[in-house]
Amino acid sequence: MAHSKQARKRIRQSEHRSEANKNTASSMRTYCKKVMAAVAEGDKSAAEAMLPVAMKRIDKAAKQSVIHANAANRKKRQVMKAVHAM
């Protein structure tokens with residue numbers, strides 16, 4: 001248990017940031033899965049429509065340091081490769 005006022009504030013900040021990071025990562029994963037599901041179904045128009053949104057979510061997660069920049073590039077490459085291979 002935190003005893004000082006500063007320590008209590010740091011705990012509050014940490015919880016708030018953890019929640020925000022969780023939401024960002026979850027959103028990124030959701031849109032990547034939606035694109036990959038559209039690819040698996042063979043729905044090229046839907047996959048291409050969701051691709052920019054997925055890219056934006058991945059870039060945002062990397063910018064906010066939720067994921068590493070190299071991990072973001074790897075995810076973007078996997079998603080783009082799947083869509084362009086259709």
# chains A, B, ... in the order shown; residues from 1 in each chain; ligands from 1
>>> select_by_dssp(residues="chain A", states="alpha helix (DSSP H)", output="ChimeraX atom specification")
/A:5-41,44-63,69-84
>>> residues_around(residues="stretch 17-25 of chain A", least_positions_apart="3", cutoff="9 Å", atoms="only C-alpha atoms", output="list of chain:residue names")
A:Arg12, A:Gln13, A:Ser14, A:Met28, A:Arg29, A:Thr30, A:Arg57, A:Ile58, A:Lys60, A:Ala61, A:Gln64, A:Ser65, A:Val66, A:Ile67
>>> write_last_selection(atoms="C-alpha atoms", output="PDB file, in the first residue's frame")
ATOM      1  CA  ARG A  12      -3.566   6.183 -10.205  1.00  0.00           C
ATOM      2  CA  GLN A  13      -1.539   7.298 -13.229  1.00  0.00           C
ATOM      3  CA  SER A  14      -0.220   3.799 -13.795  1.00  0.00           C
ATOM      4  CA  MET A  28      -5.211  -2.922 -33.004  1.00  0.00           C
ATOM      5  CA  ARG A  29      -5.606  -6.696 -32.657  1.00  0.00           C
ATOM      6  CA  THR A  30      -9.327  -6.522 -33.463  1.00  0.00           C
ATOM      7  CA  ARG A  57      -4.319   1.382 -35.382  1.00  0.00           C
ATOM      8  CA  ILE A  58      -0.924  -0.344 -35.666  1.00  0.00           C
ATOM      9  CA  LYS A  60      -0.921   4.553 -33.296  1.00  0.00           C
ATOM     10  CA  ALA A  61       0.051   1.669 -30.994  1.00  0.00           C
ATOM     11  CA  GLN A  64       2.281   5.434 -28.107  1.00  0.00           C
ATOM     12  CA  SER A  65       4.909   2.743 -27.316  1.00  0.00           C
ATOM     13  CA  VAL A  66       2.247   0.114 -26.705  1.00  0.00           C
ATOM     14  CA  ILE A  67       4.190  -2.112 -29.105  1.00  0.00           C
TER      15      ILE A  67
END
>>> closest_residue(among="A:His68, A:Met1, A:Val79, A:Met86", to="A:Asp43", atoms="only C-alpha atoms")
A:Met86
>>> residues_around(residues="A:Asp59", least_positions_apart="2", cutoff="9 Å", atoms="only C-alpha atoms", output="PyMOL selection string")
chain A and resi 54-57+61-64+69+72-73+76
>>> write_last_selection(atoms="C-alpha atoms", output="short mmCIF file (atom, residue, chain, number, x, y, z; two decimals), in the first residue's frame")
data_model
loop_
_atom_site.label_atom_id
_atom_site.label_comp_id
_atom_site.auth_asym_id
_atom_site.auth_seq_id
_atom_site.Cartn_x
_atom_site.Cartn_y
_atom_site.Cartn_z
CA ALA A 54 -5.74 -1.53 -39.36
CA MET A 55 -2.60 0.34 -40.48
CA LYS A 56 -3.70 3.41 -38.55
CA ARG A 57 -4.32 1.38 -35.38
CA ALA A 61 0.05 1.67 -30.99
CA ALA A 62 3.68 2.00 -32.07
CA LYS A 63 3.66 5.79 -31.63
CA GLN A 64 2.28 5.43 -28.11
CA ALA A 69 8.28 -0.09 -33.76
CA ALA A 72 4.45 -2.71 -35.70
CA ASN A 73 6.32 -2.97 -38.99
CA LYS A 76 1.78 -4.18 -41.01
#
>>> closest_residue(among="A:Glu41, A:Lys33, A:Lys9, A:Ala2", to="A:Lys75", atoms="only C-alpha atoms")
A:Lys33
>>> residues_around(residues="A:His84", least_positions_apart="6", cutoff="10 Å", atoms="only C-alpha atoms", output="list in words")
Val39, Lys44, Ala47 and Glu48 of chain A
>>> decode(residues="chain A", atoms="C-alpha atoms", output="short mmCIF file (atom, residue, chain, number, x, y, z; two decimals), in the first residue's frame")
data_model
loop_
_atom_site.label_atom_id
_atom_site.label_comp_id
_atom_site.auth_asym_id
_atom_site.auth_seq_id
_atom_site.Cartn_x
_atom_site.Cartn_y
_atom_site.Cartn_z
CA MET A 1 0.00 0.00 0.00
CA ALA A 2 1.31 3.42 -0.95
CA HIS A 3 1.87 5.73 1.98
CA SER A 4 2.81 9.05 0.41
CA LYS A 5 0.56 11.31 -1.62
CA GLN A 6 2.99 11.07 -4.55
CA ALA A 7 2.96 7.26 -4.50
CA ARG A 8 -0.84 7.18 -4.51
CA LYS A 9 -0.87 9.51 -7.50
CA ARG A 10 1.66 7.35 -9.35
CA ILE A 11 -0.56 4.31 -8.80
CA ARG A 12 -3.57 6.18 -10.20
CA GLN A 13 -1.54 7.30 -13.23
CA SER A 14 -0.22 3.80 -13.80
CA GLU A 15 -3.71 2.30 -13.71
CA HIS A 16 -5.01 4.92 -16.13
CA ARG A 17 -2.13 4.37 -18.58
CA SER A 18 -2.47 0.60 -18.36
CA GLU A 19 -6.14 0.84 -19.26
CA ALA A 20 -5.41 3.15 -22.19
CA ASN A 21 -2.64 0.86 -23.45
CA LYS A 22 -4.91 -2.17 -23.14
CA ASN A 23 -7.61 -0.43 -25.20
CA THR A 24 -5.13 0.60 -27.89
CA ALA A 25 -3.63 -2.90 -28.16
CA SER A 26 -7.06 -4.54 -28.19
CA SER A 27 -8.32 -2.26 -30.94
CA MET A 28 -5.21 -2.92 -33.00
CA ARG A 29 -5.61 -6.70 -32.66
CA THR A 30 -9.33 -6.52 -33.46
CA TYR A 31 -8.82 -4.70 -36.75
CA CYS A 32 -5.93 -6.95 -37.76
CA LYS A 33 -8.15 -9.97 -37.12
CA LYS A 34 -10.98 -8.39 -39.15
CA VAL A 35 -8.68 -7.89 -42.12
CA MET A 36 -7.30 -11.43 -41.86
CA ALA A 37 -10.84 -12.83 -41.56
CA ALA A 38 -11.86 -10.98 -44.72
CA VAL A 39 -8.78 -12.40 -46.47
CA ALA A 40 -9.66 -15.90 -45.29
CA GLU A 41 -13.21 -15.51 -46.63
CA GLY A 42 -11.86 -14.21 -49.94
CA ASP A 43 -13.63 -10.85 -49.62
CA LYS A 44 -11.05 -8.59 -51.25
CA SER A 45 -13.12 -5.40 -51.18
CA ALA A 46 -13.77 -5.70 -47.44
CA ALA A 47 -10.13 -6.51 -46.74
CA GLU A 48 -8.94 -3.51 -48.74
CA ALA A 49 -11.50 -1.28 -47.03
CA MET A 50 -10.34 -2.32 -43.54
CA LEU A 51 -6.62 -2.26 -44.36
CA PRO A 52 -6.12 1.52 -43.84
CA VAL A 53 -7.92 1.37 -40.50
CA ALA A 54 -5.74 -1.53 -39.36
CA MET A 55 -2.60 0.34 -40.48
CA LYS A 56 -3.70 3.41 -38.55
CA ARG A 57 -4.32 1.38 -35.38
CA ILE A 58 -0.92 -0.34 -35.67
CA ASP A 59 0.88 2.97 -36.23
CA LYS A 60 -0.92 4.55 -33.30
CA ALA A 61 0.05 1.67 -30.99
CA ALA A 62 3.68 2.00 -32.07
CA LYS A 63 3.66 5.79 -31.63
CA GLN A 64 2.28 5.43 -28.11
CA SER A 65 4.91 2.74 -27.32
CA VAL A 66 2.25 0.11 -26.70
CA ILE A 67 4.19 -2.11 -29.11
CA HIS A 68 7.75 -1.81 -30.41
CA ALA A 69 8.28 -0.09 -33.76
CA ASN A 70 9.72 -3.25 -35.31
CA ALA A 71 6.74 -5.28 -34.09
CA ALA A 72 4.45 -2.71 -35.70
CA ASN A 73 6.32 -2.97 -38.99
CA ARG A 74 6.12 -6.75 -38.85
CA LYS A 75 2.35 -6.69 -38.21
CA LYS A 76 1.78 -4.18 -41.01
CA ARG A 77 3.81 -6.30 -43.41
CA GLN A 78 1.88 -9.47 -42.51
CA VAL A 79 -1.49 -7.80 -43.02
CA MET A 80 -0.49 -6.05 -46.25
CA LYS A 81 1.08 -9.21 -47.64
CA ALA A 82 -2.11 -11.17 -46.98
CA VAL A 83 -4.30 -8.55 -48.68
CA HIS A 84 -2.03 -8.09 -51.70
CA ALA A 85 -1.71 -11.85 -52.18
CA MET A 86 -5.46 -12.13 -52.83
#
